[in-house]
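Enquirer: The structure file start.txt (compact mmCIF, C-alpha atoms) is provided below.
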# COMPACT_ATOMS: atom_id res chain seq x y z
CA MET W 2 103.45 -58.03 101.29
CA GLU W 3 103.76 -54.91 99.36
CA THR W 4 104.21 -56.81 96.21
CA VAL W 5 101.10 -58.76 96.85
CA LEU W 6 99.37 -55.63 97.82
CA LEU W 7 100.56 -53.87 94.73
CA HIS W 8 99.71 -56.86 92.67
CA ARG W 9 96.31 -56.85 94.21
CA LEU W 10 96.03 -53.13 93.62
CA TYR W 11 97.25 -53.64 90.09
CA ASN W 12 94.69 -56.34 89.56
CA ASN W 13 92.03 -54.17 91.06
CA LEU W 14 93.08 -51.25 88.97
CA THR W 15 93.27 -53.46 85.92
CA SER W 16 89.86 -54.81 86.76
CA GLU W 17 88.58 -51.27 87.26
CA ARG W 18 90.35 -50.21 84.06
CA ASN W 19 88.71 -53.06 82.23
CA GLN W 20 85.41 -52.19 83.81
CA LEU W 21 85.96 -48.55 82.94
CA LEU W 22 87.02 -49.55 79.41
CA THR W 23 83.99 -51.70 79.13
CA SER W 24 81.93 -48.82 80.48
CA TYR W 25 83.72 -46.50 78.08
CA ASN W 26 83.05 -48.83 75.22
CA ASN W 27 79.50 -49.21 76.35
CA LEU W 28 79.25 -45.44 76.73
CA THR W 29 80.88 -44.95 73.33
CA THR W 30 78.45 -47.42 71.87
CA LYS W 31 75.60 -45.66 73.62
CA ARG W 32 77.04 -42.34 72.51
CA GLU W 33 77.12 -43.60 68.95
CA GLN W 34 73.61 -44.91 69.36
CA LEU W 35 72.54 -41.62 70.95
CA LEU W 36 74.31 -39.69 68.22
CA THR W 37 72.58 -41.86 65.65
CA SER W 38 69.33 -41.36 67.51
CA TYR W 39 70.08 -37.64 67.75
CA ASN W 40 70.77 -37.48 64.04
CA ASN W 41 67.66 -39.52 63.40
CA LEU W 42 65.68 -37.29 65.74
CA LYS W 43 67.20 -34.21 64.08
CA THR W 44 66.29 -35.59 60.67
CA GLU W 45 62.81 -36.43 61.96
CA LYS W 46 62.63 -32.98 63.55
CA ASP W 47 63.61 -31.37 60.24
CA GLN W 48 61.08 -33.58 58.45
CA LEU W 49 58.51 -32.74 61.09
CA LEU W 50 59.40 -29.05 60.80
CA THR W 51 59.07 -29.28 57.02
CA GLY W 52 55.81 -31.18 57.49
CA TYR W 53 54.72 -28.56 60.03
CA ASN W 54 55.54 -25.77 57.64
CA ASN W 55 53.75 -27.62 54.83
CA LEU W 56 50.82 -28.23 57.15
CA THR W 57 50.87 -24.58 58.19
CA THR W 58 50.86 -23.54 54.53
CA GLU W 59 48.11 -26.06 53.79
CA ARG W 60 46.26 -24.81 56.87
CA GLU W 61 46.49 -21.24 55.58
CA GLN W 62 45.35 -22.38 52.14
CA LEU W 63 42.57 -24.44 53.71
CA LEU W 64 41.62 -21.48 55.88
CA THR W 65 41.55 -19.25 52.79
CA SER W 66 39.56 -21.92 50.95
CA TYR W 67 37.33 -22.23 54.00
CA ASN W 68 36.73 -18.51 54.07
CA ASN W 69 36.14 -18.48 50.30
CA LEU W 70 33.76 -21.40 50.67
CA LYS W 71 32.07 -19.67 53.57
CA THR W 72 31.68 -16.53 51.44
CA GLU W 73 30.41 -18.62 48.51
CA LYS W 74 28.11 -20.47 50.92
CA ASN W 75 26.71 -17.12 52.12
CA GLN W 76 26.34 -15.92 48.52
CA LEU W 77 24.69 -19.22 47.60
CA LEU W 78 22.46 -18.91 50.63
CA THR W 79 21.52 -15.37 49.55
CA SER W 80 20.94 -16.63 45.99
CA TYR W 81 18.95 -19.54 47.36
CA ASN W 82 16.81 -17.19 49.43
CA ASN W 83 16.38 -14.89 46.40
CA LEU W 84 15.51 -17.87 44.22
CA THR W 85 13.10 -19.08 46.87
CA THR W 86 11.48 -15.64 46.91
CA GLU W 87 11.40 -15.58 43.08
CA ARG W 88 10.00 -19.13 43.08
CA GLU W 89 7.23 -18.02 45.42
CA GLN W 90 6.57 -15.00 43.20
CA LEU W 91 6.67 -17.19 40.09
CA LEU W 92 4.37 -19.68 41.75
CA THR W 93 1.99 -16.85 42.57
CA SER W 94 2.29 -15.55 39.00
CA TYR W 95 1.77 -19.08 37.68
CA ASN W 96 -1.35 -19.49 39.75
CA ASN W 97 -2.56 -16.06 38.60
CA LEU W 98 -1.77 -16.95 34.97
CA LYS W 99 -3.51 -20.26 35.40
CA THR W 100 -6.56 -18.44 36.70
CA GLU W 101 -6.33 -15.93 33.83
CA LYS W 102 -5.85 -18.79 31.36
CA ASN W 103 -9.02 -20.45 32.65
CA GLN W 104 -10.84 -17.11 32.41
CA LEU W 105 -9.46 -16.56 28.89
CA LEU W 106 -10.45 -20.09 27.92
CA THR W 107 -13.95 -19.36 29.14
CA SER W 108 -13.91 -16.07 27.24
CA TYR W 109 -12.52 -17.84 24.16
CA ASN W 110 -15.30 -20.42 24.29
CA ASN W 111 -17.84 -17.63 24.71
CA LEU W 112 -16.27 -15.69 21.82
CA THR W 113 -16.23 -18.83 19.69
CA THR W 114 -19.92 -19.26 20.35
CA GLU W 115 -20.54 -15.58 19.61
CA ARG W 116 -18.38 -15.87 16.47
CA GLU W 117 -20.47 -18.76 15.23
CA GLN W 118 -23.60 -16.75 15.93
CA LEU W 119 -22.10 -13.68 14.24
CA LEU W 120 -20.98 -15.79 11.28
CA THR W 121 -24.52 -17.08 10.93
CA SER W 122 -25.82 -13.51 11.22
CA TYR W 123 -23.15 -12.35 8.72
CA ASN W 124 -24.16 -15.00 6.21
CA ASN W 125 -27.80 -14.06 6.67
CA LEU W 126 -26.94 -10.37 6.29
CA LYS W 127 -24.79 -11.15 3.25
CA THR W 128 -27.72 -12.98 1.67
CA GLU W 129 -30.03 -10.08 2.53
CA LYS W 130 -27.39 -7.63 1.23
CA ASN W 131 -27.15 -9.50 -2.08
CA GLN W 132 -30.94 -9.50 -2.32
CA LEU W 133 -31.03 -5.79 -1.48
CA LEU W 134 -28.18 -5.14 -3.94
CA THR W 135 -30.13 -6.95 -6.64
CA SER W 136 -33.21 -4.93 -5.73
CA TYR W 137 -31.10 -1.77 -5.63
CA ASN W 138 -29.58 -2.48 -9.04
CA ASN W 139 -33.02 -3.20 -10.45
CA THR W 140 -34.32 0.00 -8.87
CA VAL W 141 -31.34 2.00 -10.20
CA LYS W 142 -31.90 0.47 -13.62
CA GLU W 143 -35.58 1.35 -13.48
CA ARG W 144 -34.68 4.83 -12.20
CA ASP W 145 -32.17 5.31 -15.05
CA GLN W 146 -34.76 4.10 -17.54
CA LEU W 147 -37.31 6.50 -16.06
CA GLN W 148 -34.66 9.26 -16.05
CA THR W 149 -33.90 8.55 -19.68
CA ARG W 150 -37.59 8.57 -20.52
CA PHE W 151 -37.99 11.78 -18.51
CA GLU W 152 -35.03 13.38 -20.29
CA ASP W 153 -36.38 12.22 -23.64
CA MET W 154 -39.78 13.63 -22.75
CA THR W 155 -38.15 16.86 -21.53
CA LYS W 156 -36.06 17.05 -24.70
CA ASN W 157 -39.10 16.33 -26.83
CA ARG W 158 -40.99 18.98 -24.88
CA ASP W 159 -38.13 21.46 -25.35
CA ASP W 160 -37.91 20.53 -29.03
CA LEU W 161 -41.65 20.99 -29.41
CA GLN W 162 -41.50 24.31 -27.59
CA ARG W 163 -38.58 25.40 -29.74
CA ILE W 164 -40.39 24.25 -32.89
CA LEU W 165 -43.51 26.13 -31.80
CA GLN W 166 -41.42 29.20 -31.09
CA ASP W 167 -39.63 28.83 -34.42
CA CYS W 168 -42.96 28.38 -36.18
CA ARG W 169 -44.04 31.69 -34.65
CA GLU W 170 -40.83 33.18 -36.19
CA ASN W 171 -41.69 31.86 -39.68
CA TRP W 172 -39.56 28.72 -39.51
CA VAL W 173 -40.78 25.88 -41.73
CA ALA W 174 -40.34 22.27 -40.63
CA PHE W 175 -39.09 19.68 -43.13
CA SER W 176 -37.64 16.26 -42.31
CA ASP W 177 -35.32 16.72 -39.27
CA SER W 178 -34.75 20.46 -39.67
CA LEU W 179 -36.39 23.85 -39.55
CA TYR W 180 -35.90 26.36 -42.38
CA GLN W 181 -36.36 30.11 -42.59
CA VAL W 182 -36.27 32.21 -45.76
CA SER W 183 -35.15 35.81 -45.25
CA SER W 184 -37.35 38.77 -46.01
CA GLU W 185 -34.41 40.95 -47.02
CA GLN W 186 -31.32 40.58 -49.18
CA LYS W 187 -27.67 40.50 -48.05
CA SER W 188 -24.27 39.28 -49.20
CA TRP W 189 -23.39 35.61 -48.72
CA GLU W 190 -21.18 36.32 -45.62
CA GLU W 191 -23.82 38.60 -44.07
CA SER W 192 -26.45 35.94 -44.70
CA ARG W 193 -24.22 33.32 -43.05
CA GLN W 194 -23.73 35.53 -39.96
CA ASP W 195 -27.49 36.09 -39.67
CA CYS W 196 -28.07 32.33 -39.60
CA LEU W 197 -25.35 31.86 -36.96
CA GLN W 198 -26.97 34.49 -34.74
CA LYS W 199 -30.18 32.47 -34.88
CA GLY W 200 -28.41 29.25 -33.86
CA ALA W 201 -28.56 27.93 -37.40
CA HIS W 202 -26.43 27.88 -40.55
CA LEU W 203 -26.93 28.52 -44.27
CA MET W 204 -28.76 25.54 -45.72
CA ILE W 205 -26.85 22.36 -46.47
CA ILE W 206 -28.53 20.19 -49.13
CA ASN W 207 -27.89 16.47 -48.82
CA SER W 208 -30.77 14.87 -50.75
CA ARG W 209 -33.05 15.27 -53.74
CA GLU W 210 -36.03 15.77 -51.41
CA GLU W 211 -34.27 18.67 -49.67
CA GLN W 212 -33.33 20.13 -53.08
CA ASN W 213 -36.94 19.97 -54.26
CA PHE W 214 -38.10 21.50 -50.94
CA THR W 215 -35.79 24.49 -51.49
CA ASN W 216 -36.94 25.11 -55.09
CA GLN W 217 -40.53 25.58 -53.93
CA PHE W 218 -39.75 29.01 -52.43
CA LYS W 219 -39.28 30.38 -55.98
CA LYS W 220 -36.50 32.80 -54.98
CA TYR W 221 -32.85 33.34 -55.57
CA LEU W 222 -31.46 32.02 -52.27
CA TRP W 223 -27.97 31.85 -50.84
CA ILE W 224 -27.14 28.33 -49.57
CA GLY W 225 -24.17 27.24 -47.42
CA LEU W 226 -21.84 26.26 -50.28
CA THR W 227 -18.50 27.91 -51.18
CA ASP W 228 -15.10 27.30 -52.79
CA SER W 229 -13.55 30.45 -51.32
CA LEU W 230 -10.72 28.57 -49.60
CA THR W 231 -9.66 26.42 -52.57
CA GLU W 232 -10.83 27.24 -56.05
CA GLY W 233 -12.90 24.37 -57.49
CA THR W 234 -13.20 22.54 -54.13
CA TRP W 235 -16.73 23.20 -52.97
CA LYS W 236 -17.49 22.71 -49.27
CA TRP W 237 -20.48 23.29 -47.02
CA VAL W 238 -20.35 25.78 -44.14
CA ASP W 239 -19.91 22.94 -41.59
CA GLY W 240 -16.60 21.99 -43.27
CA THR W 241 -17.90 18.84 -45.00
CA SER W 242 -17.17 18.23 -48.67
CA MET W 243 -19.95 18.42 -51.28
CA THR W 244 -20.72 14.82 -52.28
CA THR W 245 -24.09 15.35 -53.99
CA SER W 246 -24.62 18.33 -56.27
CA TYR W 247 -27.51 19.87 -58.15
CA TRP W 248 -25.78 22.37 -60.46
CA ASN W 249 -27.76 23.88 -63.24
CA SER W 250 -26.52 23.12 -66.72
CA GLY W 251 -23.09 24.68 -67.36
CA GLU W 252 -22.55 25.56 -63.68
CA PRO W 253 -20.35 26.32 -61.87
CA ASN W 254 -18.70 28.58 -64.39
CA GLY W 255 -17.61 31.72 -62.53
CA GLY W 256 -14.06 30.69 -61.79
CA ARG W 257 -12.35 32.81 -59.11
CA THR W 258 -14.95 35.56 -59.26
CA GLU W 259 -17.98 33.48 -58.28
CA ASN W 260 -17.24 31.48 -55.11
CA CYS W 261 -20.61 31.18 -53.36
CA GLY W 262 -23.50 28.84 -54.11
CA GLN W 263 -27.14 29.85 -54.57
CA ILE W 264 -30.50 28.56 -55.73
CA LYS W 265 -31.23 30.35 -58.98
CA ALA W 266 -32.97 28.22 -61.63
CA TYR W 267 -35.67 27.15 -59.11
CA ASP W 268 -37.98 25.98 -61.89
CA SER W 269 -35.40 23.36 -62.80
CA GLN W 270 -34.71 20.36 -60.62
CA ASN W 271 -30.98 21.20 -60.78
CA SER W 272 -31.05 24.82 -59.72
CA TRP W 273 -27.58 25.61 -58.27
CA ASN W 274 -25.52 28.50 -59.53
CA ASP W 275 -22.15 29.93 -58.51
CA GLU W 276 -22.41 33.63 -57.78
CA THR W 277 -20.23 36.56 -56.68
CA CYS W 278 -20.28 36.43 -52.86
CA SER W 279 -20.69 40.18 -52.40
CA LYS W 280 -23.96 40.35 -54.32
CA LYS W 281 -27.13 40.70 -52.26
CA HIS W 282 -29.78 37.97 -52.39
CA PHE W 283 -32.34 36.37 -50.12
CA TRP W 284 -30.99 33.39 -48.12
CA ILE W 285 -32.30 30.31 -46.37
CA CYS W 286 -31.18 29.19 -42.85
CA GLU W 287 -31.33 25.63 -41.59
CA LYS W 288 -31.62 24.55 -37.94
CA ARG W 289 -31.38 20.86 -36.98
CA VAL W 290 -34.05 19.74 -34.49
CA SER W 291 -32.74 16.18 -33.99
CA PRO W 292 -29.26 14.59 -34.15
Will you turn the file into structure tokens for me?
Expert:
Amino acid sequence: METVLLHRLYNNLTSERNQLLTSYNNLTTKREQLLTSYNNLKTEKDQLLTGYNNLTTEREQLLTSYNNLKTEKNQLLTSYNNLTTEREQLLTSYNNLKTEKNQLLTSYNNLTTEREQLLTSYNNLKTEKNQLLTSYNNTVKERDQLQTRFEDMTKNRDDLQRILQDCRENWVAFSDSLYQVSSEQKSWEESRQDCLQKGAHLMIINSREEQNFTNQFKKYLWIGLTDSLTEGTWKWVDGTSMTTSYWNSGEPNGGRTENCGQIKAYDSQNSWNDETCSKKHFWICEKRVSP
């Protein structure tokens, strides 16, 4: 009985052992599965933690970007509002400029019309100016002609008055000059100075007619001829050279002692003589009354 009981107990225990072994194996399998699941979950957890950290970092970056974008949005909104205000101001300015442009266009058209009118007036005035200038030039020309005639008449009057005055002072008119024969006798230089004081000079003889005119006074007369500067080179008192001469036969013959010219042989057509300048004789002055 005991053996059967023990056998039964053994069988029961074996059965329980087998059940427990099966349970153990099942539990071991489950443990392995759970461990695998744990490891998987741990790996997933680590991946999730990494993903969380990445997401947190991205979130921070996105938050920073969000804040930056928000700031930019506010700045853009401010700029937009400013631009809107400027646009309104520009639109107002544009409308004002458009109004001014229309006013200026009207003014331009009016000025163009006025310019055309002024141009017409200018051309008319230019024509009148040219006509007046022509008239003015003709008037100036006539005035100058009248002035010249007046000056000529004045000069002629002055010449006539001077001639009349000279005639009162014993001046004799011949050709274009007046002549005066002295009433006293002086040296050649003194005679020359007397003529100069009267606005005249000792007579210069340039023609046969003037030579004949001088001979008619029938006196020994100093004339304005000398070779005092260069012996043998006879010159008149105005510095001109003697080109026509009326020396008496054998004259001049005084050499260095006789350096002044005179009328001496007045009965001869050639009456000139060279004489000592310090000797005293009558003289004849000549004053030109026309150029």
Enquirer: Distance CA of Tyr267 in chain W-CA of Val182 in chain W, one decimal place?
Expert: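 So the answer is 14.3 Å.
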Enquirer: Which distance in Å separates CA of Ala266 in chain W and CA of Asp228 in chain W, to one decimal?
Expert: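 Going from CA of Ala266 in chain W over to CA of Asp228 in chain W, I get 20.0 Å.
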Enquirer: For each of W:Pro253, W:Gly52, W:Gly262, W:Gly240, take the minimum atom-to-atom distance to Trp189 in chain W, counting only C-alpha atoms, then give the residue where this is smallest.
Expert: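 Smallest separation from Trp189 in chain W among the options: W:Gly262.
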Enquirer: Mind pulling up the distance from CA of Asp275 in chain W to CA of Val238 in chain W?
Expert: 15.1 Å
Enquirer: Pick from W:Leu7, W:Leu22, W:Leu98, W:Cys286: nearest to Asp195 in chain W, with all atoms listed in the file counted?
Expert: W:Cys286
Enquirer: Select, from W:Thr245, W:Ser229, W:Thr215, W:Gln270, the residue with the minimum atom-to-atom distance to Trp284 in chain W, counting all atoms listed in the file.
Expert: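 Ranked by minimum distance to Trp284 in chain W, first place goes to W:Thr215.
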Enquirer: Using only C-alpha atoms, pick whichever of W:Gln62, W:Thr231, W:Asn213, W:Asn97 has the shortest atom-to-atom distance to Asp268 in chain W.
Expert: W:Asn213
Enquirer: Nearest to Lys281 in chain W: which of W:Ser188, W:Gln212, W:Asn27, W:Asn103 is it, counting all atoms listed in the file?
Expert: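 Of W:Ser188, W:Gln212, W:Asn27, W:Asn103, the one nearest Lys281 in chain W, counting all atoms listed in the file, is W:Ser188.
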Enquirer: Using all atoms listed in the file, pick whichever of W:Thr277, W:Ser250, W:Thr51, W:Ser80 has the shortest atom-to-atom distance to Gln263 in chain W.
Expert: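 Of all the options, W:Thr277 lies closest to Gln263 in chain W.
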Enquirer: Please produce, as a tab-separated table, a per-residue contact table for range 205-236 of chain W versus range 256-259 of chain W (criterion: any atom at most 12 Å away, all atoms listed in the file considered), showing the nearest atom pair and its distance in Å to one decimal, sorted by chain then residue number.
Expert:
residue	atom	partner	partner_atom	distance
W:Leu226	CA	W:Glu259	CA	11.4
W:Thr227	CA	W:Glu259	CA	9.0
W:Asp228	CA	W:Glu259	CA	8.8
W:Ser229	CA	W:Arg257	CA	8.2
W:Leu230	CA	W:Arg257	CA	10.5
W:Thr231	CA	W:Arg257	CA	9.5
W:Glu232	CA	W:Arg257	CA	6.5
W:Gly233	CA	W:Gly256	CA	7.7
W:Thr234	CA	W:Gly256	CA	11.2
W:Trp235	CA	W:Glu259	CA	11.6
Enquirer: Counting only C-alpha atoms, which residues sit no farther than 12 Å from the position (-22.7, -13.5, 17.3) in the file's frame? I'd like them as a PyMOL selection string.
Expert: chain W and resi 111-125
Enquirer: Using only C-alpha atoms, what residues lie at most 7 Å away from (-30.5, 21.8, -36.6) (file coordinates), given as number ranges by chain?
Expert: W: 178-179, 201, 287-291
Enquirer: Kindly provide, as JSON, the centre and edge lengths (Å, one decimal) of an axis-aligned box around all atoms of range 169-179 of chain W given in the file, with 8 Å on each side.
Expert:
{"center_x": -39.4, "center_y": 24.7, "center_z": -38.9, "size_x": 25.3, "size_y": 32.9, "size_z": 24.5}
Enquirer: For Asn249 in chain W, list every protein, DNA or RNA residue within 8 Å, evaluated using only C-alpha atoms, and leave out those in the same chain fewer than 6 positions away; present the list as a list of chain:residue names.
Expert: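 My reading of the contact set: W:Ala266, W:Ser269, W:Asn271, W:Ser272, W:Trp273, W:Asn274.
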Enquirer: Excluding Ser279 in chain W and residues on its chain fewer than 3 positions from it, collect all residues at most 10 Å away from it, counting only C-alpha atoms, and give them as a PyMOL selection string.
Expert: chain W and resi 187-191+259-261+276+282
